[in-house]
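Listing of model-v3.cif; format and content: mmCIF, C-alpha atoms.
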```cif
data_upload
#
loop_
_atom_site.label_atom_id
_atom_site.label_comp_id
_atom_site.auth_asym_id
_atom_site.auth_seq_id
_atom_site.Cartn_x
_atom_site.Cartn_y
_atom_site.Cartn_z
CA MET A 1 31.69 98.54 198.36
CA THR A 2 30.64 101.89 196.96
CA GLU A 3 27.40 103.48 198.17
CA HIS A 4 24.60 104.14 195.72
CA THR A 5 21.18 105.76 195.49
CA THR A 6 17.97 103.90 194.70
CA THR A 7 15.13 105.48 192.72
CA THR A 8 11.71 103.91 192.16
CA LEU A 9 10.02 104.34 188.79
CA GLU A 10 6.31 103.46 188.62
CA LEU A 11 5.04 102.35 185.21
CA ALA A 12 1.45 102.79 184.12
CA GLU A 13 -0.60 99.68 183.55
CA ARG A 14 -0.98 98.57 179.94
CA PRO A 15 -2.50 95.54 178.21
CA SER A 16 -0.08 92.65 178.07
CA GLY A 17 1.14 91.51 174.67
CA PRO A 18 2.32 88.08 173.50
CA ASP A 19 4.07 86.17 176.26
CA GLU A 20 7.78 86.52 175.50
CA ARG A 21 8.82 86.68 179.13
CA ASP A 22 12.46 86.22 180.05
CA SER A 23 13.84 86.46 176.53
CA LEU A 24 16.12 88.67 174.48
CA THR A 25 15.93 89.59 170.79
CA VAL A 26 18.96 90.91 168.88
CA VAL A 27 17.97 93.71 166.48
CA GLY A 28 21.46 94.67 165.30
CA ASN A 29 24.61 96.40 166.60
CA ALA A 30 23.91 96.85 170.34
CA THR A 31 20.15 97.19 169.92
CA THR A 32 18.22 94.48 171.74
CA VAL A 33 14.71 93.96 173.08
CA LEU A 34 14.74 92.44 176.57
CA HIS A 35 11.58 90.94 178.03
CA CYS A 36 12.35 91.08 181.76
CA GLY A 37 9.34 89.30 183.17
CA GLY A 38 6.46 91.55 182.16
CA ILE A 39 8.64 94.65 181.60
CA THR A 40 10.07 95.30 178.13
CA VAL A 41 13.41 97.08 177.76
CA LEU A 42 14.94 98.49 174.58
CA THR A 43 18.72 98.90 174.65
CA HIS A 44 20.76 101.27 172.48
CA PRO A 45 18.08 102.11 169.89
CA VAL A 46 19.58 102.37 166.38
CA PHE A 47 17.37 101.91 163.32
CA VAL A 48 19.19 103.63 160.46
CA HIS A 49 19.62 101.46 157.37
CA ARG A 50 22.57 100.13 155.46
CA HIS A 51 24.73 102.90 153.88
CA GLU A 52 23.36 105.57 156.27
CA GLU A 53 25.73 107.37 158.62
CA VAL A 54 25.53 108.26 162.30
CA ASP A 55 27.39 110.93 164.25
CA ILE A 56 30.09 109.66 166.61
CA GLY A 57 31.36 113.08 167.69
CA TYR A 58 33.92 115.69 166.69
CA GLY A 59 32.67 115.74 163.11
CA MET A 60 33.28 112.00 162.64
CA HIS A 61 30.70 109.55 161.32
CA ALA A 62 30.24 105.78 161.14
CA ARG A 63 28.54 104.15 158.16
CA ARG A 64 26.12 101.29 158.71
CA LEU A 65 26.84 98.10 156.76
CA LEU A 66 23.77 96.02 157.67
CA ASP A 67 20.07 96.75 158.01
CA PRO A 68 18.44 96.31 161.42
CA ALA A 69 16.52 93.05 161.82
CA LEU A 70 13.46 94.99 163.03
CA GLU A 71 12.15 98.33 161.86
CA PHE A 72 11.24 100.91 164.48
CA ASP A 73 7.53 100.45 163.71
CA ASP A 74 7.83 96.68 164.31
CA LEU A 75 8.94 97.05 167.93
CA PRO A 76 6.69 95.66 170.66
CA PRO A 77 5.39 98.13 173.27
CA VAL A 78 8.51 99.31 175.13
CA ASP A 79 8.50 100.33 178.80
CA LEU A 80 11.95 101.91 179.06
CA VAL A 81 15.30 102.39 177.32
CA VAL A 82 18.68 101.49 178.78
CA LEU A 83 21.49 103.47 177.15
CA SER A 84 25.16 103.11 178.08
CA HIS A 85 26.22 106.43 176.49
CA LEU A 86 25.25 108.92 173.83
CA HIS A 87 26.93 108.10 170.52
CA GLY A 88 25.08 107.87 167.20
CA ASP A 89 25.71 104.15 166.85
CA HIS A 90 23.82 103.65 170.12
CA PHE A 91 21.15 106.34 169.90
CA ASP A 92 20.65 107.44 166.31
CA GLN A 93 18.60 110.06 164.49
CA VAL A 94 15.65 107.64 164.19
CA ALA A 95 15.56 107.19 167.96
CA ARG A 96 15.88 110.94 168.49
CA ASP A 97 13.00 111.65 166.11
CA ARG A 98 10.66 108.73 166.85
CA LEU A 99 10.92 107.75 170.52
CA SER A 100 8.22 109.14 172.80
CA ARG A 101 9.44 112.11 174.84
CA ASP A 102 7.77 110.49 177.86
CA LEU A 103 9.49 107.10 177.54
CA PRO A 104 11.81 106.53 180.54
CA ILE A 105 15.50 106.41 179.57
CA LEU A 106 18.16 105.18 182.01
CA THR A 107 21.63 106.43 181.10
CA THR A 108 24.65 108.35 182.38
CA ALA A 109 24.24 111.75 184.00
CA GLU A 110 26.17 113.28 181.09
CA ALA A 111 23.95 111.72 178.42
CA ALA A 112 20.83 112.58 180.43
CA GLU A 113 21.64 116.29 180.25
CA THR A 114 21.81 116.22 176.43
CA LEU A 115 18.67 114.09 176.12
CA ARG A 116 16.75 116.59 178.22
CA GLU A 117 17.95 119.36 175.92
CA TRP A 118 16.50 117.32 173.04
CA GLY A 119 13.11 117.29 174.77
CA PHE A 120 13.05 113.87 176.47
CA ARG A 121 11.19 114.37 179.73
CA ALA A 122 11.61 111.04 181.57
CA VAL A 123 15.40 110.69 181.59
CA HIS A 124 17.15 109.25 184.66
CA GLY A 125 20.86 110.09 184.94
CA MET A 126 22.75 107.41 186.87
CA GLU A 127 26.14 107.29 188.58
CA THR A 128 28.06 104.04 189.08
CA TRP A 129 26.17 101.65 191.43
CA ASP A 130 22.99 103.72 191.36
CA VAL A 131 19.82 101.60 191.15
CA VAL A 132 16.52 102.35 189.42
CA ARG A 133 13.69 100.06 190.57
CA VAL A 134 11.04 99.80 187.86
CA VAL A 135 7.63 98.67 189.09
CA ARG A 136 4.36 97.79 187.37
CA GLY A 137 1.87 96.11 189.66
CA GLU A 138 3.49 92.88 190.82
CA GLU A 139 6.27 93.12 188.22
CA GLN A 140 9.60 94.59 189.33
CA LEU A 141 12.92 95.16 187.55
CA GLU A 142 16.08 96.57 189.12
CA VAL A 143 18.66 98.25 186.88
CA THR A 144 22.08 98.95 188.41
CA ALA A 145 24.69 101.15 186.72
CA VAL A 146 28.07 99.41 186.77
CA PRO A 147 31.58 100.56 185.79
CA ALA A 148 32.64 101.04 182.17
CA ARG A 149 35.27 103.10 180.38
CA HIS A 150 35.14 103.94 176.68
CA GLY A 151 38.86 103.82 175.94
CA PRO A 152 42.31 103.86 177.57
CA PRO A 153 43.30 106.26 180.39
CA GLY A 154 43.08 109.84 179.20
CA ALA A 155 40.54 109.08 176.49
CA ASN A 156 37.81 110.30 178.84
CA LEU A 157 38.85 113.81 177.84
CA VAL A 158 37.35 113.30 174.38
CA LEU A 159 34.97 110.35 174.86
CA PRO A 160 31.62 110.32 176.68
CA ASP A 161 31.00 108.79 180.08
CA VAL A 162 29.75 105.20 179.81
CA MET A 163 27.88 102.86 182.11
CA GLY A 164 27.35 99.16 182.00
CA SER A 165 24.14 97.86 183.54
CA VAL A 166 22.88 94.81 185.38
CA LEU A 167 19.17 94.02 185.11
CA GLU A 168 17.57 91.79 187.76
CA TRP A 169 14.02 90.50 188.00
CA SER A 170 12.05 87.52 189.27
CA SER A 171 9.80 85.36 187.11
CA ALA A 172 8.10 82.05 187.82
CA GLY A 173 9.84 81.84 191.17
CA ARG A 174 13.34 82.30 189.74
CA ARG A 175 15.69 85.27 190.01
CA HIS A 176 17.25 86.38 186.70
CA GLY A 177 20.29 88.56 186.06
CA LEU A 178 21.50 90.05 182.77
CA TYR A 179 24.65 92.16 182.33
CA VAL A 180 25.05 94.69 179.50
CA THR A 181 28.70 95.73 179.27
CA GLY A 182 28.18 98.95 177.34
CA ASP A 183 31.09 100.20 175.25
CA THR A 184 33.98 99.49 177.59
CA LEU A 185 37.46 98.11 177.72
CA VAL A 186 38.44 95.61 180.42
CA ILE A 187 39.16 97.62 183.56
CA ASP A 188 39.95 96.57 187.13
CA GLU A 189 36.67 97.97 188.46
CA LEU A 190 34.71 95.27 186.61
CA ALA A 191 35.86 92.70 189.19
CA GLU A 192 33.15 94.06 191.48
CA VAL A 193 30.47 93.02 188.98
CA GLN A 194 31.43 89.38 189.55
CA GLU A 195 31.60 89.92 193.31
CA ARG A 196 28.10 91.37 193.44
CA TRP A 197 26.50 89.05 190.87
CA PRO A 198 28.27 85.66 190.85
CA GLU A 199 25.33 83.88 189.16
CA LEU A 200 24.32 86.03 186.19
CA ASP A 201 22.31 84.30 183.47
CA VAL A 202 23.50 86.28 180.45
CA GLY A 203 26.09 88.87 179.50
CA LEU A 204 25.67 91.04 176.41
CA TRP A 205 29.27 91.69 175.35
CA HIS A 206 29.87 94.89 173.30
CA LEU A 207 32.73 93.84 171.04
CA GLY A 208 33.99 94.95 167.61
CA GLY A 209 37.39 96.35 168.53
CA THR A 210 36.21 99.82 167.55
CA ARG A 211 39.06 102.17 166.78
CA VAL A 212 38.81 105.93 166.56
CA LEU A 213 41.92 107.62 165.15
CA GLY A 214 43.75 104.35 165.78
CA VAL A 215 42.78 104.15 169.47
CA LEU A 216 40.93 101.04 170.71
CA VAL A 217 37.70 102.15 172.41
CA THR A 218 35.63 98.92 172.62
CA MET A 219 36.63 95.35 173.42
CA ASP A 220 38.27 93.31 170.70
CA ALA A 221 38.33 89.50 170.68
CA ASP A 222 41.11 89.15 173.27
CA GLN A 223 39.55 91.69 175.62
CA GLY A 224 36.17 89.98 175.27
CA VAL A 225 37.71 86.70 176.39
CA GLU A 226 39.56 88.41 179.22
CA LEU A 227 36.29 89.85 180.49
CA MET A 228 34.81 86.33 180.40
CA ARG A 229 37.54 85.36 182.88
CA ARG A 230 36.68 88.24 185.20
CA VAL A 231 32.88 88.30 184.92
CA ARG A 232 31.35 84.85 184.47
CA PRO A 233 27.70 84.76 183.40
CA ARG A 234 26.38 81.37 182.36
CA ARG A 235 26.18 82.56 178.74
CA VAL A 236 27.79 85.40 176.81
CA VAL A 237 25.92 86.79 173.79
CA PRO A 238 28.24 88.82 171.53
CA VAL A 239 26.77 92.01 170.03
CA HIS A 240 28.20 95.23 168.53
CA HIS A 241 30.63 93.61 166.12
CA ALA A 242 29.41 93.84 162.50
CA ASP A 243 27.05 96.73 161.79
CA PHE A 244 29.38 99.70 161.33
CA ASP A 245 32.57 100.39 159.41
CA VAL A 246 34.53 101.37 162.54
CA PHE A 247 34.81 97.77 163.74
CA THR A 248 38.14 95.99 163.38
CA SER A 249 37.54 92.73 165.30
CA SER A 250 34.95 90.32 163.92
CA LEU A 251 32.65 87.81 165.56
CA GLU A 252 34.82 85.04 164.10
CA ASP A 253 37.85 86.55 165.87
CA PHE A 254 36.01 86.39 169.19
CA LEU A 255 34.79 82.83 168.67
CA GLU A 256 38.29 81.66 167.76
CA ALA A 257 39.76 83.39 170.82
CA ALA A 258 37.06 81.85 173.03
CA GLU A 259 37.81 78.41 171.59
CA GLU A 260 41.52 78.79 172.26
CA ALA A 261 40.80 79.92 175.82
CA GLY A 262 38.46 76.98 176.48
CA VAL A 263 35.37 79.13 177.06
CA ARG A 264 33.58 78.70 173.71
CA ASP A 265 30.88 76.59 175.39
CA ARG A 266 29.75 79.71 177.29
CA VAL A 267 29.23 81.77 174.12
CA ALA A 268 25.77 81.78 172.52
CA VAL A 269 25.55 83.43 169.11
CA VAL A 270 22.04 84.83 168.74
CA PRO A 271 21.38 85.75 165.09
CA ARG A 272 20.03 89.11 164.04
CA GLY A 273 16.29 88.93 164.55
CA GLY A 274 16.66 85.79 166.65
CA ARG A 275 15.22 85.41 170.13
CA SER A 276 16.86 83.51 172.96
CA ARG A 277 15.59 82.57 176.39
CA VAL A 278 17.44 84.28 179.22
CA ALA A 279 17.59 81.06 181.23
CA PRO A 280 17.17 78.04 178.91
CA GLU A 281 15.67 74.90 180.35
CA THR A 282 18.67 72.92 179.16
CA PRO A 283 22.19 73.75 180.41
CA GLY A 284 24.95 75.19 178.25
CA ALA A 285 24.94 77.53 175.27
CA GLY A 286 23.78 75.08 172.64
CA GLU A 287 21.60 75.70 169.63
CA ASP A 288 18.47 74.96 171.62
CA THR A 289 18.84 78.29 173.43
CA VAL A 290 18.21 80.21 170.20
CA GLU A 291 14.72 80.41 168.74
CA ALA A 292 15.77 81.42 165.22
CA GLY A 293 18.59 80.07 163.10
CA ALA A 294 21.10 81.95 160.99
CA ALA A 295 23.18 81.45 157.88
CA THR A 296 26.48 83.29 157.47
CA MET A 297 27.21 85.15 154.27
CA PRO A 298 30.85 85.18 153.06
CA SER A 299 32.54 88.45 153.99
CA ASP A 300 33.49 89.03 150.35
CA ASP A 301 29.79 89.50 149.59
CA LEU A 302 29.49 92.43 151.97
CA PRO A 303 30.31 96.09 151.47
CA GLY A 304 33.73 96.90 152.86
CA GLY A 305 34.57 93.21 153.39
CA GLY A 306 35.73 91.57 156.58
CA HIS A 307 32.36 91.76 158.31
CA GLU A 308 29.91 88.97 159.01
CA GLN A 309 26.22 89.28 158.25
CA THR A 310 23.86 86.81 159.85
CA GLN A 311 20.85 86.02 157.72
CA PRO A 312 17.75 84.84 159.63
CA LEU A 313 16.22 81.56 158.58
CA ALA A 314 12.65 81.24 157.43
CA PRO A 315 10.23 78.99 159.37
CA ASP A 316 11.13 76.03 157.13
CA GLY A 317 14.80 76.35 158.08
CA THR A 318 16.10 77.78 154.78
CA PRO A 319 17.75 81.22 154.54
CA THR A 320 15.42 84.19 154.15
CA PRO A 321 15.93 85.75 150.69
CA ILE A 322 17.96 88.93 150.19
CA ASP A 323 17.84 91.46 147.39
CA ASP A 324 20.72 92.68 145.21
CA GLU A 325 21.65 95.26 147.84
CA GLY A 326 21.86 92.68 150.63
CA ALA A 327 18.63 93.74 152.33
CA LEU A 328 16.51 91.02 153.90
CA LEU A 329 13.24 90.14 152.16
CA PRO A 330 10.15 88.42 153.63
CA PRO A 331 10.08 84.61 153.41
CA THR A 332 8.63 83.24 150.21
CA GLU A 333 5.25 81.50 150.24
CA GLU A 334 7.01 78.13 149.94
CA GLN A 335 9.09 78.90 153.06
CA LEU A 336 6.08 79.62 155.24
CA PRO A 337 4.36 76.89 157.29
CA PRO A 338 0.76 75.90 156.49
CA GLY A 339 -1.55 78.63 157.67
CA GLY A 340 0.77 81.55 156.91
CA PRO A 341 3.42 83.46 158.88
CA LEU A 342 4.30 82.59 162.45
CA ARG A 343 2.95 85.07 164.97
#
```
Conversion result in C-alpha cells:
Amino acid sequence: MTEHTTTTLELAERPSGPDERDSLTVVGNATTVLHCGGITVLTHPVFVHRHEEVDIGYGMHARRLLDPALEFDDLPPVDLVVLSHLHGDHFDQVARDRLSRDLPILTTAEAAETLREWGFRAVHGMETWDVVRVVRGEEQLEVTAVPARHGPPGANLVLPDVMGSVLEWSSAGRRHGLYVTGDTLVIDELAEVQERWPELDVGLWHLGGTRVLGVLVTMDADQGVELMRRVRPRRVVPVHHADFDVFTSSLEDFLEAAEEAGVRDRVAVVPRGGRSRVAPETPGAGEDTVEAGAATMPSDDLPGGGHEQTQPLAPDGTPTPIDDEGALLPPTEEQLPPGGPLR
C-alpha cells in the first residue's frame, strides 16, 4: 500500500455545545455538518440561495435551484472544514467571504494554494493517503485523503484535483468510520478504500451525474450503485444530486438503480435539514435512522423541472410551509409542540 504522511493538528479548547455526537446533518448539495465525537466538521460549504450562481471554472456557472436548509449564521461552532476540491458548488462566495481565515481547512494541495492566496491561513494540503490527526483534549479525529478523479481520463487537464476522505474517531467505546467520496467517478483505485476500511459506518455519495460540455464528471445512478459494490459501508447517504442545474441524474434514478441491484436496503435518504446518527442503535437503513422527516415535492413544481426537493417536516409531522418562490418558511404555531420550538 502507498506510503503517506501524518500531521497532527491541535485544536483550542472551547465550551461544548448541545450533545449531537456521532451524527450528520445534510444542509444541501454536498454541504454537511458532521459531529465526530466532540469535533465538528463542515464539508463543502455552500450557502448561496436559490437562483444565485456559482463559478465552476473557465467562465462557466451553475445556478442553484434550492435554498440551503441552514443559513451560514445558523451553523454550530465548526472546528474544521473538509473540502474535496475547489469549485463554486463546493466552496462558494459566501464561504470565501464569511469563513474565519484561521479555521483549519483540509483539502487538496492544489486547492490549498488558491485558498492561501485568498487569505486563509490554516489550510492543510493533502496528497492521497495523507492523514491529518485532529486533537482536542481527549477527543481525536483522523482524516485520510483517499483517491478520487473528477472525470474520465484526460479530463484532469481542465478539471481540478479531487480527494475523497475517510474520517475515523472513537466515541463511547466504539470506533466510527465515515467516507466522503468527493466529486469522483468510479475508478480502480477506490478498491483500496474497501481494503483499508472494511467496516465503515456511512458513505456520503456525491451523485448527480454532473455533465460539463457533455462530459460526465460526477457519479450518476449506475456509477453510484457500482461504487456500492466496490466500497461497502453499512449505509450510503446520497448527496449532491438536486441543488444545481448541472445535474442530470436524480435521487429517484439512484434509488431505482439501487432497488434493481438489490442494495436499496443500504441506502438512507437523509432529508435536507435532517440529522441522522452515524451508527444507529437499530440495524439497517430504516426510517428510524433519520431524525427529521421529509415530503417530496413534484418535480413539475420546481424551476427547471426534473429535480427533487425535499421539504423538512415540522415537529408535528406535517410539511413545513413554503412561500410562492419555493423557499422554506418556519413552522406555523399550530405545527409546534407545546412549549414552542424544539431546541
>> For the PyMOL selection byres ((chain A and resi 111) around 9), applied here, can you spell out every residue it catches as a PyMOL selection string?
In response: chain A and resi 83-86+107-110+112-116+125+160-162
> Which one of A:Met126, A:Val193, A:Leu200, A:Leu99 sits closest to Arg175 (chain A) if you count all atoms listed in the file?
Replying inline: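 Nearest to Arg175 (chain A): A:Leu200.
Rounded to one decimal, CA of Leu11 (chain A) and CA of Arg196 (chain A) lie 26.8 Å from each other.
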>> Using all atoms listed in the file for the distances, tell me which of A:Leu167, A:Leu255, A:Val202, A:Val246 is nearest to Arg234 (chain A).
In response: A:Val202
> In terms of the shortest atom-to-atom distance over all atoms listed in the file, which of A:Met163, A:Val48, A:Val81, A:Leu42 is closest to Asp97 (chain A)?
Replying inline: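 The closest residue to Asp97 (chain A) is A:Val48.
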>> As an exercise, work out the distance from CA of Pro238 (chain A) to CA of Val270 (chain A) in Å and give it to one decimal place.
In response: 7.9 Å
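The result of the PyMOL selection byres ((chain A and resi 247) around 6) on the shown file is Gly208, Gly209, Thr210, Asp245, Val246, Thr248 and Ser249 of chain A.
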